[in-house]
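Peer 1: Structure in C-alpha coordinates, see below.
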Amino acid sequence: MRLTKLKLKNFRGYKEETIIDIDNLTVIVGKNDIGKSTILEALDIFFNDGKGVIKIDKDDINKTALADGDKDIYITGIFSDLPENIIIDSVNETTFGAEYLLNRDGNLEIIKKYSNAGTAKVFIKANHPTNPNCADLLLKKITEYRRIVLQHNIECENQTVNAILRNAIWNHFLDDLQIQEIEIDTSKEDAKNIWDKIQNYLPLYSLFQSDRKNSDNDSEVQDPLKEAVKQILADGEISNILNDVAERVARKLNDVSNSTLEKLKEMNPEVASTLSPIIPASSALKWSDVFKSVSITGDENIPINKRGSGIKRLILLNFFRAEAERRMKAGNSSSIIYAIEEPETSQHTDHQKLLIKAIKELSQAENTQVLLTTHSSTIVKGLDFNHLRLITKIENGDKIIEDIVPNELPYPSLNEINFIAFRDLTEEYHNELYGYIEAEGLLADYKNGRPTLNYTKIYRGGRTGIEQIVLTEFIRHQIHHPENTHNTKFTFENLEDSVNQMRQFIIDSRQI
(Lines give C-alpha, C1' and ligand atoms only; values in the text may rest on other atoms or scores of the structure.)
Protein backbone atom coordinates (compact mmCIF):
# COMPACT_ATOMS: atom_id res chain seq x y z
CA MET A 1 0.00 0.00 0.00
CA ARG A 2 1.37 3.41 -1.02
CA LEU A 3 0.56 6.85 0.32
CA THR A 4 -0.12 9.05 -2.72
CA LYS A 5 -1.57 12.22 -1.20
CA LEU A 6 -1.77 13.98 2.14
CA LYS A 7 -4.41 16.61 2.88
CA LEU A 8 -4.14 19.07 5.76
CA LYS A 9 -6.79 21.47 7.02
CA ASN A 10 -6.71 23.70 10.11
CA PHE A 11 -3.45 22.08 11.21
CA ARG A 12 -0.91 24.64 12.40
CA GLY A 13 -0.09 26.96 9.49
CA TYR A 14 -2.36 25.12 7.03
CA LYS A 15 -5.83 26.66 7.36
CA GLU A 16 -7.36 25.94 3.96
CA GLU A 17 -7.25 22.36 2.72
CA THR A 18 -3.79 21.82 1.28
CA ILE A 19 -2.91 18.77 -0.84
CA ILE A 20 0.61 17.34 -0.97
CA ASP A 21 1.43 14.77 -3.64
CA ILE A 22 3.56 11.95 -2.23
CA ASP A 23 5.83 9.76 -4.35
CA ASN A 24 8.29 6.99 -3.49
CA LEU A 25 10.79 9.76 -2.73
CA THR A 26 9.38 13.16 -1.80
CA VAL A 27 11.60 16.02 -0.68
CA ILE A 28 9.98 19.13 0.78
CA VAL A 29 11.83 22.41 0.40
CA GLY A 30 11.05 25.98 1.37
CA LYS A 31 12.15 28.82 3.58
CA ASN A 32 12.51 28.50 7.36
CA ASP A 33 9.32 28.24 9.41
CA ILE A 34 7.11 27.76 6.36
CA GLY A 35 5.70 24.37 7.36
CA LYS A 36 8.03 21.65 6.10
CA SER A 37 8.34 19.74 9.38
CA THR A 38 4.59 20.17 9.94
CA ILE A 39 3.94 17.78 7.04
CA LEU A 40 6.10 15.00 8.50
CA GLU A 41 4.65 15.51 11.98
CA ALA A 42 1.06 15.48 10.69
CA LEU A 43 1.74 12.07 9.15
CA ASP A 44 3.17 10.82 12.46
CA ILE A 45 -0.06 11.85 14.18
CA PHE A 46 -2.12 10.23 11.40
CA PHE A 47 -0.33 6.88 11.38
CA ASN A 48 0.73 6.48 14.99
CA ASP A 49 -2.21 8.03 16.90
CA GLY A 50 -0.02 9.81 19.42
CA LYS A 51 2.09 6.71 20.10
CA GLY A 52 4.88 7.84 17.81
CA VAL A 53 7.04 10.94 18.09
CA ILE A 54 4.32 13.62 18.00
CA LYS A 55 1.20 14.07 20.13
CA ILE A 56 -1.52 16.41 18.93
CA ASP A 57 -2.54 19.25 21.24
CA LYS A 58 -4.67 22.41 21.14
CA ASP A 59 -1.76 24.53 19.96
CA ASP A 60 -1.94 22.56 16.69
CA ILE A 61 -5.28 24.15 15.78
CA ASN A 62 -4.79 26.88 13.19
CA LYS A 63 -5.06 30.19 15.03
CA THR A 64 -7.14 31.94 12.35
CA ALA A 65 -9.58 29.02 12.23
CA LEU A 66 -9.75 28.98 16.03
CA ALA A 67 -10.61 32.69 16.07
CA ASP A 68 -13.44 31.90 13.63
CA GLY A 69 -14.75 29.22 16.00
CA ASP A 70 -13.53 26.28 13.90
CA LYS A 71 -11.71 23.81 16.17
CA ASP A 72 -11.63 20.80 13.84
CA ILE A 73 -8.28 19.59 12.49
CA TYR A 74 -8.38 17.30 9.43
CA ILE A 75 -5.51 15.04 8.36
CA THR A 76 -6.31 12.85 5.35
CA GLY A 77 -4.28 10.10 3.72
CA ILE A 78 -5.01 8.73 0.25
CA PHE A 79 -3.58 5.32 -0.68
CA SER A 80 -3.05 3.34 -3.89
CA ASP A 81 -1.48 -0.05 -4.69
CA LEU A 82 -3.94 -1.69 -2.34
CA PRO A 83 -3.77 -5.37 -1.37
CA GLU A 84 -5.72 -7.70 -3.63
CA ASN A 85 -7.58 -9.24 -0.71
CA ILE A 86 -8.36 -8.02 2.77
CA ILE A 87 -10.05 -9.41 5.87
CA ILE A 88 -12.24 -6.87 7.62
CA ASP A 89 -14.53 -9.11 9.62
CA SER A 90 -14.01 -12.63 10.91
CA VAL A 91 -11.59 -14.56 8.67
CA ASN A 92 -13.32 -14.13 5.33
CA GLU A 93 -11.49 -12.46 2.46
CA THR A 94 -12.98 -9.57 0.52
CA THR A 95 -11.64 -6.52 -1.33
CA PHE A 96 -11.82 -2.76 -0.85
CA GLY A 97 -13.68 -2.55 -4.15
CA ALA A 98 -16.23 -5.22 -3.25
CA GLU A 99 -16.98 -3.34 -0.02
CA TYR A 100 -17.40 -0.01 -1.88
CA LEU A 101 -14.61 1.55 0.16
CA LEU A 102 -12.79 3.33 -2.67
CA ASN A 103 -13.14 6.99 -3.65
CA ARG A 104 -14.02 8.17 -7.13
CA ASP A 105 -10.39 7.74 -8.22
CA GLY A 106 -10.30 4.11 -7.08
CA ASN A 107 -8.11 4.87 -4.05
CA LEU A 108 -8.55 4.38 -0.31
CA GLU A 109 -9.17 7.79 1.32
CA ILE A 110 -9.01 7.94 5.11
CA ILE A 111 -10.00 11.14 6.90
CA LYS A 112 -9.07 11.70 10.53
CA LYS A 113 -10.94 14.52 12.25
CA TYR A 114 -9.57 15.85 15.53
CA SER A 115 -12.23 18.01 17.20
CA ASN A 116 -10.54 20.47 19.56
CA ALA A 117 -7.32 18.43 19.07
CA GLY A 118 -8.90 15.44 20.80
CA THR A 119 -9.09 11.78 19.82
CA ALA A 120 -9.42 11.15 16.09
CA LYS A 121 -12.77 10.34 14.57
CA VAL A 122 -12.11 8.27 11.43
CA PHE A 123 -14.04 8.48 8.17
CA ILE A 124 -13.55 6.65 4.88
CA LYS A 125 -14.47 8.73 1.84
CA ALA A 126 -15.86 6.34 -0.73
CA ASN A 127 -18.19 5.86 -3.68
CA HIS A 128 -20.79 3.98 -1.67
CA PRO A 129 -24.38 2.75 -2.12
CA THR A 130 -26.96 5.20 -0.71
CA ASN A 131 -30.15 3.34 -1.72
CA PRO A 132 -31.99 3.05 1.65
CA ASN A 133 -32.55 -0.67 1.02
CA CYS A 134 -28.82 -1.38 0.96
CA ALA A 135 -27.15 1.68 2.50
CA ASP A 136 -24.98 1.64 5.62
CA LEU A 137 -24.38 -2.12 5.42
CA LEU A 138 -20.96 -1.72 6.99
CA LEU A 139 -22.64 -0.28 10.06
CA LYS A 140 -25.06 -3.17 10.49
CA LYS A 141 -24.92 -6.49 12.34
CA ILE A 142 -25.37 -9.95 10.85
CA THR A 143 -28.94 -10.18 12.19
CA GLU A 144 -29.82 -7.04 10.19
CA TYR A 145 -28.26 -8.51 7.05
CA ARG A 146 -30.39 -11.63 7.42
CA ARG A 147 -33.50 -9.51 7.92
CA ILE A 148 -32.82 -7.65 4.63
CA VAL A 149 -32.17 -10.94 2.81
CA LEU A 150 -35.44 -12.36 4.10
CA GLN A 151 -37.45 -9.19 3.46
CA HIS A 152 -36.35 -8.92 -0.19
CA ASN A 153 -36.12 -12.65 -0.89
CA ILE A 154 -32.41 -12.37 -1.75
CA GLU A 155 -30.43 -15.47 -2.66
CA CYS A 156 -27.35 -15.88 -0.46
CA GLU A 157 -25.09 -18.92 -0.49
CA ASN A 158 -23.94 -18.52 3.11
CA GLN A 159 -25.81 -16.48 5.72
CA THR A 160 -23.13 -16.94 8.37
CA VAL A 161 -20.52 -14.76 6.68
CA ASN A 162 -20.88 -10.96 6.81
CA ALA A 163 -18.94 -10.28 3.61
CA ILE A 164 -21.02 -12.77 1.62
CA LEU A 165 -24.25 -11.34 3.00
CA ARG A 166 -23.25 -7.77 2.11
CA ASN A 167 -22.20 -8.83 -1.37
CA ALA A 168 -25.49 -10.66 -1.95
CA ILE A 169 -27.52 -7.63 -0.86
CA TRP A 170 -25.56 -5.18 -3.02
CA ASN A 171 -25.77 -7.52 -6.02
CA HIS A 172 -29.53 -7.74 -5.60
CA PHE A 173 -29.81 -3.94 -5.89
CA LEU A 174 -27.00 -3.62 -8.45
CA ASP A 175 -29.12 -1.63 -10.91
CA ASP A 176 -30.18 0.86 -8.25
CA LEU A 177 -27.33 1.21 -5.76
CA GLN A 178 -27.44 5.03 -6.05
CA ILE A 179 -23.67 5.30 -5.71
CA GLN A 180 -22.44 8.60 -4.23
CA GLU A 181 -19.16 9.70 -2.73
CA ILE A 182 -19.85 9.90 0.99
CA GLU A 183 -17.90 9.83 4.25
CA ILE A 184 -18.44 6.59 6.16
CA ASP A 185 -18.18 7.13 9.91
CA THR A 186 -16.12 4.21 11.19
CA SER A 187 -16.85 5.06 14.84
CA LYS A 188 -20.38 3.70 14.47
CA GLU A 189 -21.26 0.20 15.63
CA ASP A 190 -19.70 -2.61 13.58
CA ALA A 191 -17.77 -0.18 11.37
CA LYS A 192 -15.37 0.37 14.26
CA ASN A 193 -14.36 -3.29 14.09
CA ILE A 194 -13.86 -2.92 10.34
CA TRP A 195 -11.59 0.11 10.84
CA ASP A 196 -9.53 -1.84 13.39
CA LYS A 197 -8.85 -4.39 10.67
CA ILE A 198 -8.23 -1.86 7.87
CA GLN A 199 -5.57 0.06 9.76
CA ASN A 200 -3.49 -3.12 9.97
CA TYR A 201 -2.94 -2.78 6.21
CA LEU A 202 -1.60 0.78 6.42
CA PRO A 203 2.13 1.38 6.04
CA LEU A 204 4.36 1.64 9.09
CA TYR A 205 5.53 5.22 9.60
CA SER A 206 8.88 6.10 11.18
CA LEU A 207 9.81 9.72 11.80
CA PHE A 208 13.43 10.70 12.40
CA GLN A 209 13.58 14.29 13.59
CA SER A 210 16.53 16.63 13.39
CA ASP A 211 18.48 17.15 16.61
CA ARG A 212 16.42 19.97 18.02
CA LYS A 213 15.78 18.32 21.38
CA ASN A 214 18.09 16.97 24.02
CA SER A 215 16.10 14.90 26.49
CA ASP A 216 16.60 11.25 27.32
CA ASN A 217 13.16 10.40 25.93
CA ASP A 218 14.28 11.40 22.44
CA SER A 219 16.64 8.44 22.12
CA GLU A 220 13.93 6.32 20.56
CA VAL A 221 13.50 8.85 17.78
CA GLN A 222 17.15 8.87 16.82
CA ASP A 223 18.08 5.21 17.40
CA PRO A 224 17.39 3.19 14.22
CA LEU A 225 17.19 -0.10 16.17
CA LYS A 226 13.98 1.12 17.79
CA GLU A 227 12.46 1.44 14.34
CA ALA A 228 13.91 -1.88 13.22
CA VAL A 229 12.01 -3.62 16.04
CA LYS A 230 8.70 -2.31 14.68
CA GLN A 231 9.48 -3.58 11.19
CA ILE A 232 10.66 -6.99 12.36
CA LEU A 233 7.59 -7.51 14.53
CA ALA A 234 5.35 -6.55 11.59
CA ASP A 235 6.83 -9.38 9.47
CA GLY A 236 4.17 -12.02 8.87
CA GLU A 237 6.41 -14.98 9.66
CA ILE A 238 7.64 -13.43 12.93
CA SER A 239 4.09 -12.42 13.86
CA ASN A 240 2.85 -16.01 13.37
CA ILE A 241 5.65 -17.40 15.52
CA LEU A 242 4.91 -14.95 18.33
CA ASN A 243 1.19 -15.68 18.15
CA ASP A 244 1.99 -19.39 18.39
CA VAL A 245 4.15 -18.75 21.46
CA ALA A 246 1.39 -16.66 23.06
CA GLU A 247 -1.21 -19.36 22.40
CA ARG A 248 1.02 -22.08 23.87
CA VAL A 249 1.60 -20.00 26.99
CA ALA A 250 -2.13 -19.31 27.23
CA ARG A 251 -2.92 -23.04 27.04
CA LYS A 252 -0.41 -23.79 29.78
CA LEU A 253 -1.81 -21.00 31.94
CA ASN A 254 -5.32 -22.30 31.41
CA ASP A 255 -4.20 -25.78 32.48
CA VAL A 256 -2.63 -24.36 35.65
CA SER A 257 -5.60 -22.13 36.50
CA ASN A 258 -8.17 -24.86 35.78
CA SER A 259 -6.28 -27.34 37.96
CA THR A 260 -6.12 -24.77 40.73
CA LEU A 261 -9.85 -24.03 40.52
CA GLU A 262 -10.69 -27.76 40.48
CA LYS A 263 -8.80 -28.20 43.73
CA LEU A 264 -10.51 -25.12 45.15
CA LYS A 265 -13.92 -26.61 44.31
CA GLU A 266 -13.12 -29.55 46.55
CA MET A 267 -12.59 -27.21 49.49
CA ASN A 268 -14.98 -24.32 48.73
CA PRO A 269 -17.24 -24.70 45.66
CA GLU A 270 -18.96 -21.37 46.32
CA VAL A 271 -15.75 -19.34 46.07
CA ALA A 272 -14.48 -21.42 43.13
CA SER A 273 -17.60 -20.67 41.11
CA THR A 274 -16.91 -16.91 41.29
CA LEU A 275 -13.37 -17.16 39.93
CA SER A 276 -12.04 -17.46 36.40
CA PRO A 277 -8.63 -16.87 34.79
CA ILE A 278 -7.95 -13.67 32.81
CA ILE A 279 -5.36 -14.27 30.10
CA PRO A 280 -4.74 -11.53 27.52
CA ALA A 281 -5.29 -12.37 23.87
CA SER A 282 -2.14 -12.66 21.77
CA SER A 283 -3.20 -9.60 19.78
CA ALA A 284 -3.16 -7.53 22.98
CA LEU A 285 0.44 -8.37 23.86
CA LYS A 286 3.01 -5.61 23.36
CA TRP A 287 5.97 -7.51 22.01
CA SER A 288 7.78 -4.24 21.26
CA ASP A 289 8.07 -3.66 25.03
CA VAL A 290 10.14 -6.83 25.30
CA PHE A 291 12.76 -5.21 23.08
CA LYS A 292 12.44 -1.62 24.31
CA SER A 293 16.01 -1.61 25.64
CA VAL A 294 17.63 -2.30 22.27
CA SER A 295 20.18 0.31 21.29
CA ILE A 296 23.52 0.94 19.70
CA THR A 297 26.13 1.87 22.29
CA GLY A 298 29.86 2.54 22.34
CA ASP A 299 32.67 0.74 24.13
CA GLU A 300 31.74 2.42 27.40
CA ASN A 301 28.01 1.72 26.97
CA ILE A 302 27.25 5.33 26.09
CA PRO A 303 23.81 5.30 24.37
CA ILE A 304 23.35 6.89 20.99
CA ASN A 305 21.26 9.79 22.33
CA LYS A 306 24.20 10.87 24.51
CA ARG A 307 26.57 11.08 21.56
CA GLY A 308 27.21 14.17 19.46
CA SER A 309 24.82 15.22 16.71
CA GLY A 310 27.31 14.31 14.01
CA ILE A 311 27.78 10.77 15.34
CA LYS A 312 24.03 10.23 15.73
CA ARG A 313 23.34 11.28 12.17
CA LEU A 314 26.32 9.29 10.90
CA ILE A 315 24.86 6.13 12.46
CA LEU A 316 21.50 7.03 10.97
CA LEU A 317 23.11 7.55 7.56
CA ASN A 318 24.53 4.05 7.60
CA PHE A 319 21.26 2.60 8.88
CA PHE A 320 19.60 3.85 5.70
CA ARG A 321 22.44 2.57 3.56
CA ALA A 322 22.11 -0.88 5.12
CA GLU A 323 18.31 -0.74 5.04
CA ALA A 324 18.32 0.11 1.33
CA GLU A 325 20.46 -2.94 0.61
CA ARG A 326 18.40 -5.22 2.87
CA ARG A 327 15.00 -4.17 1.51
CA MET A 328 16.18 -4.37 -2.11
CA LYS A 329 17.30 -7.96 -1.55
CA ALA A 330 14.38 -9.08 0.60
CA GLY A 331 11.47 -7.75 -1.48
CA ASN A 332 9.58 -6.83 1.68
CA SER A 333 5.83 -7.26 1.68
CA SER A 334 5.15 -4.87 4.58
CA SER A 335 4.90 -1.23 3.51
CA ILE A 336 6.92 1.39 5.34
CA ILE A 337 7.39 5.15 5.12
CA TYR A 338 10.61 6.68 6.40
CA ALA A 339 10.30 10.39 7.19
CA ILE A 340 13.60 12.16 7.79
CA GLU A 341 13.86 15.75 8.89
CA GLU A 342 16.94 17.60 7.65
CA PRO A 343 19.17 14.55 7.01
CA GLU A 344 22.09 16.90 6.35
CA THR A 345 22.21 17.97 10.02
CA SER A 346 25.81 17.98 11.34
CA GLN A 347 27.08 16.15 8.27
CA HIS A 348 29.99 16.98 6.00
CA THR A 349 29.12 17.57 2.34
CA ASP A 350 30.65 14.21 1.40
CA HIS A 351 28.40 12.45 3.92
CA GLN A 352 25.38 14.32 2.56
CA LYS A 353 26.14 12.98 -0.91
CA LEU A 354 26.40 9.42 0.42
CA LEU A 355 23.18 9.86 2.37
CA ILE A 356 21.10 11.08 -0.55
CA LYS A 357 22.47 8.22 -2.68
CA ALA A 358 21.39 5.73 0.02
CA ILE A 359 17.98 7.37 0.38
CA LYS A 360 17.36 7.25 -3.38
CA GLU A 361 18.25 3.55 -3.37
CA LEU A 362 16.02 2.94 -0.35
CA SER A 363 13.05 4.60 -2.08
CA GLN A 364 13.45 2.18 -4.98
CA ALA A 365 12.98 -0.86 -2.73
CA GLU A 366 9.63 -2.62 -2.84
CA ASN A 367 6.91 -1.19 -0.57
CA THR A 368 9.19 1.60 0.62
CA GLN A 369 8.64 5.36 0.58
CA VAL A 370 10.88 8.12 1.86
CA LEU A 371 9.97 11.70 2.81
CA LEU A 372 12.56 14.37 3.53
CA THR A 373 12.74 18.00 4.50
CA THR A 374 15.99 19.77 3.74
CA HIS A 375 17.83 23.09 3.77
CA SER A 376 20.78 21.67 1.88
CA SER A 377 21.54 22.65 -1.69
CA THR A 378 23.86 19.61 -1.80
CA ILE A 379 20.90 17.33 -1.07
CA VAL A 380 18.73 19.05 -3.67
CA LYS A 381 21.40 18.75 -6.37
CA GLY A 382 21.59 15.01 -5.74
CA LEU A 383 17.89 14.59 -6.54
CA ASP A 384 15.77 14.29 -9.63
CA PHE A 385 13.49 17.18 -10.37
CA ASN A 386 10.27 15.22 -9.80
CA HIS A 387 11.26 14.40 -6.22
CA LEU A 388 10.85 18.01 -5.06
CA ARG A 389 7.88 19.82 -3.52
CA LEU A 390 8.17 23.56 -2.92
CA ILE A 391 6.18 25.28 -0.15
CA THR A 392 5.41 28.95 -0.74
CA LYS A 393 3.17 31.44 0.99
CA ILE A 394 0.72 33.53 -1.04
CA GLU A 395 -0.49 37.04 -0.27
CA ASN A 396 -3.37 36.10 2.06
CA GLY A 397 -1.04 33.95 4.18
CA ASP A 398 -2.25 30.60 2.84
CA LYS A 399 0.36 28.08 1.74
CA ILE A 400 0.60 26.22 -1.52
CA ILE A 401 2.70 23.14 -2.17
CA GLU A 402 3.73 22.61 -5.74
CA ASP A 403 5.53 20.05 -7.77
CA ILE A 404 8.61 21.83 -9.05
CA VAL A 405 8.01 23.10 -12.56
CA PRO A 406 10.02 25.52 -14.69
CA ASN A 407 9.67 29.05 -13.38
CA GLU A 408 11.93 31.76 -14.74
CA LEU A 409 13.82 29.21 -16.84
CA PRO A 410 11.93 27.13 -19.40
CA TYR A 411 13.57 23.95 -18.14
CA PRO A 412 14.09 22.30 -14.74
CA SER A 413 16.87 24.07 -12.81
CA LEU A 414 17.98 22.79 -9.41
CA ASN A 415 20.05 25.96 -9.01
CA GLU A 416 16.83 27.92 -9.34
CA ILE A 417 15.05 25.74 -6.79
CA ASN A 418 17.84 26.29 -4.30
CA PHE A 419 17.59 30.05 -4.91
CA ILE A 420 13.81 30.13 -4.47
CA ALA A 421 13.69 27.76 -1.50
CA PHE A 422 16.82 28.71 0.43
CA ARG A 423 18.08 31.96 -1.19
CA ASP A 424 21.14 29.86 -2.03
CA LEU A 425 22.86 32.24 -4.41
CA THR A 426 25.72 30.82 -6.47
CA GLU A 427 27.89 31.94 -9.34
CA GLU A 428 26.76 28.76 -11.11
CA TYR A 429 23.15 30.02 -11.10
CA HIS A 430 24.30 33.42 -12.41
CA ASN A 431 26.06 31.66 -15.29
CA GLU A 432 22.96 29.58 -15.99
CA LEU A 433 20.69 32.61 -16.29
CA TYR A 434 23.22 34.53 -18.41
CA GLY A 435 23.73 31.50 -20.65
CA TYR A 436 19.99 31.19 -21.27
CA ILE A 437 19.62 34.87 -22.21
CA GLU A 438 22.62 34.63 -24.54
CA ALA A 439 21.43 31.38 -26.16
CA GLU A 440 18.02 32.91 -26.85
CA GLY A 441 19.65 35.84 -28.66
CA LEU A 442 18.29 38.30 -26.10
CA LEU A 443 21.56 39.63 -24.68
CA ALA A 444 21.42 42.95 -26.58
CA ASP A 445 17.83 43.52 -25.42
CA TYR A 446 18.83 42.69 -21.85
CA LYS A 447 21.72 45.21 -21.82
CA ASN A 448 19.76 47.97 -23.56
CA GLY A 449 19.07 50.89 -21.22
CA ARG A 450 20.75 49.43 -18.14
CA PRO A 451 23.34 51.48 -16.21
CA THR A 452 26.98 50.63 -16.87
CA LEU A 453 30.13 50.24 -14.80
CA ASN A 454 33.78 50.81 -15.58
CA TYR A 455 35.56 47.51 -16.22
CA THR A 456 39.30 47.29 -16.70
CA LYS A 457 40.00 44.72 -19.39
CA ILE A 458 43.38 43.08 -20.05
CA TYR A 459 44.27 42.84 -23.74
CA ARG A 460 46.92 40.71 -25.42
CA GLY A 461 50.40 41.77 -24.48
CA GLY A 462 49.27 42.93 -21.06
CA ARG A 463 47.80 46.25 -22.21
CA THR A 464 44.70 47.36 -20.24
CA GLY A 465 41.70 49.45 -21.21
CA ILE A 466 38.41 50.66 -19.74
CA GLU A 467 35.08 49.33 -21.03
CA GLN A 468 31.55 50.35 -20.07
CA ILE A 469 29.51 47.22 -19.29
CA VAL A 470 26.34 46.39 -17.34
CA LEU A 471 26.49 44.83 -13.87
CA THR A 472 25.69 41.33 -15.13
CA GLU A 473 28.62 41.36 -17.56
CA PHE A 474 30.86 42.89 -14.88
CA ILE A 475 30.13 39.87 -12.65
CA ARG A 476 30.37 37.33 -15.48
CA HIS A 477 33.80 38.63 -16.53
CA GLN A 478 35.08 38.31 -12.97
CA ILE A 479 33.72 34.78 -12.65
CA HIS A 480 35.44 33.66 -15.85
CA HIS A 481 38.62 35.74 -15.48
CA PRO A 482 39.64 35.63 -11.82
CA GLU A 483 43.22 36.35 -12.88
CA ASN A 484 42.17 39.94 -13.68
CA THR A 485 42.65 41.79 -10.39
CA HIS A 486 42.35 45.33 -11.79
CA ASN A 487 38.66 45.58 -10.77
CA THR A 488 36.89 45.80 -7.43
CA LYS A 489 35.46 42.35 -6.60
CA PHE A 490 31.68 42.18 -6.91
CA THR A 491 29.73 41.75 -3.65
CA PHE A 492 27.02 39.28 -2.67
CA GLU A 493 24.53 42.13 -3.00
CA ASN A 494 25.79 42.77 -6.56
CA LEU A 495 25.35 39.07 -7.39
CA GLU A 496 21.81 39.01 -5.96
CA ASP A 497 20.88 42.22 -7.80
CA SER A 498 22.15 40.81 -11.12
CA VAL A 499 20.35 37.48 -10.65
CA ASN A 500 17.07 39.24 -9.86
CA GLN A 501 17.46 41.49 -12.92
CA MET A 502 17.98 38.48 -15.19
CA ARG A 503 15.09 36.54 -13.63
CA GLN A 504 12.73 39.47 -14.12
CA PHE A 505 13.92 40.01 -17.68
CA ILE A 506 13.27 36.36 -18.55
CA ILE A 507 9.77 36.57 -17.04
CA ASP A 508 8.99 39.75 -18.99
CA SER A 509 10.40 38.41 -22.27
CA ARG A 510 8.25 35.25 -22.03
CA GLN A 511 5.10 37.34 -21.56
CA ILE A 512 5.64 39.40 -24.71
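Scheme for the C-alpha coordinates: letters A, B, ... for chains in order shown; per-chain residue numbers from 1; ligand numbers from 1 in order shown.
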Do you know which residues are at most 9 Å from range 465-481 of chain A counting only C-alpha atoms, after dropping those on the same chain fewer than 3 positions away, and could you put them as number ranges by chain?

Peer 2: A: 427, 430-431, 434, 447, 450-459, 484-485, 487, 489-490, 494-495, 497-499, 501-502

Peer 1: Write out as an NGL selection string each polymer residue whose atoms come within 9 Å of range 393-405 of chain A, counting only C-alpha atoms; drop sequence neighbours fewer than 4 positions from it.

Peer 2: :A and (13-16 or 18-21 or 28 or 34-35 or 385-389 or 410-413 or 417)

Peer 1: With N, CA and C atoms retained, export the selected residues as a CSV table (one decimal), in the first residue's frame.

Peer 2:
chain,number,residue,atom,x,y,z
A,13,GLY,N,0.0,25.9,10.5
A,13,GLY,CA,-0.1,27.0,9.5
A,13,GLY,C,-0.9,26.7,8.3
A,14,TYR,N,-1.6,25.5,8.2
A,14,TYR,CA,-2.4,25.1,7.0
A,14,TYR,C,-3.8,25.3,7.4
A,15,LYS,N,-4.4,26.4,7.1
A,15,LYS,CA,-5.8,26.7,7.4
A,15,LYS,C,-6.7,26.0,6.3
A,16,GLU,N,-6.6,26.5,5.1
A,16,GLU,CA,-7.4,25.9,4.0
A,16,GLU,C,-6.8,24.6,3.6
A,18,THR,N,-5.0,21.8,2.1
A,18,THR,CA,-3.8,21.8,1.3
A,18,THR,C,-3.4,20.4,0.9
A,19,ILE,N,-3.2,20.1,-0.4
A,19,ILE,CA,-2.9,18.8,-0.8
A,19,ILE,C,-1.4,18.6,-1.2
A,20,ILE,N,-0.8,17.6,-0.7
A,20,ILE,CA,0.6,17.3,-1.0
A,20,ILE,C,0.7,16.0,-1.7
A,21,ASP,N,1.2,16.0,-2.9
A,21,ASP,CA,1.4,14.8,-3.6
A,21,ASP,C,2.6,14.0,-3.1
A,28,ILE,N,10.7,17.9,0.6
A,28,ILE,CA,10.0,19.1,0.8
A,28,ILE,C,11.0,20.2,1.1
A,34,ILE,N,8.2,27.7,7.3
A,34,ILE,CA,7.1,27.8,6.4
A,34,ILE,C,6.2,26.5,6.4
A,35,GLY,N,6.6,25.5,7.2
A,35,GLY,CA,5.7,24.4,7.4
A,35,GLY,C,6.2,23.1,6.8
A,385,PHE,N,14.4,16.0,-10.5
A,385,PHE,CA,13.5,17.2,-10.4
A,385,PHE,C,12.1,16.8,-9.8
A,386,ASN,N,11.6,15.6,-10.2
A,386,ASN,CA,10.3,15.2,-9.8
A,386,ASN,C,10.2,14.8,-8.3
A,387,HIS,N,11.3,14.7,-7.6
A,387,HIS,CA,11.3,14.4,-6.2
A,387,HIS,C,10.8,15.6,-5.4
A,388,LEU,N,10.9,16.8,-5.9
A,388,LEU,CA,10.9,18.0,-5.1
A,388,LEU,C,9.4,18.6,-5.0
A,389,ARG,N,9.1,19.1,-3.8
A,389,ARG,CA,7.9,19.8,-3.5
A,389,ARG,C,8.3,21.1,-2.9
A,410,PRO,N,12.9,28.0,-18.8
A,410,PRO,CA,11.9,27.1,-19.4
A,410,PRO,C,12.4,25.7,-19.3
A,411,TYR,N,13.2,25.3,-18.3
A,411,TYR,CA,13.6,24.0,-18.1
A,411,TYR,C,13.9,23.8,-16.7
A,412,PRO,N,13.8,22.5,-16.2
A,412,PRO,CA,14.1,22.3,-14.7
A,412,PRO,C,15.5,22.8,-14.3
A,413,SER,N,15.6,23.6,-13.3
A,413,SER,CA,16.9,24.1,-12.8
A,413,SER,C,17.0,23.9,-11.3
A,417,ILE,N,15.8,26.2,-8.0
A,417,ILE,CA,15.0,25.7,-6.8
A,417,ILE,C,15.8,26.1,-5.5

Peer 1: Please provide the set of residues having any atom within 12 Å of Asp105 in chain A, restricted to only C-alpha atoms, with same-chain residues fewer than 2 positions apart removed, written as a PyMOL selection string.

Peer 2: chain A and resi 4+78-80+97+101-103+107-109+125-127+181

Peer 1: Looking at only C-alpha atoms, which of A:Asn116, A:Asn10, A:Asn24, A:Asn171 is the one that sits closest to Asp57 in chain A?

Peer 2: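 Checking each candidate against Asp57 in chain A, we get A:Asn116 as the closest.
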
Peer 1: Just list the residues in range 34-235 of chain A DSSP gives strand (DSSP E) on the backbone, as a PyMOL selection string.

Peer 2: chain A and resi 72-80+86-87+93-94+108-115+121-129+179-185+204-208

Peer 1: Which of these, A:Gln369, A:Thr488, A:Thr76, A:Ser276, has the shortest distance to Tyr114 in chain A once you count only C-alpha atoms?

Peer 2: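 Of A:Gln369, A:Thr488, A:Thr76, A:Ser276, the one nearest Tyr114 in chain A, counting only C-alpha atoms, is A:Thr76.
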
Peer 1: Using only C-alpha atoms, which of A:Asn243, A:Thr274, A:Arg251, A:Ile356 sits nearest Lys286 in chain A?

Peer 2: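 Ranked by minimum distance to Lys286 in chain A, first place goes to A:Asn243.
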
Peer 1: Using only C-alpha atoms, which protein or nucleic acid residues come within 9 Å of range 509-511 of chain A? Drop anything in the same chain fewer than 2 positions from it, and give the result as a list in words.

Peer 2: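 Contacts, with the query itself left out: Glu408, Leu442, Gln504, Phe505, Ile506 and Ile507 of chain A.
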
Peer 1: Just the number, please: distance in Å from CA of Val245 in chain A to CA of Tyr201 in chain A, one decimal.

Peer 2: 23.2 Å
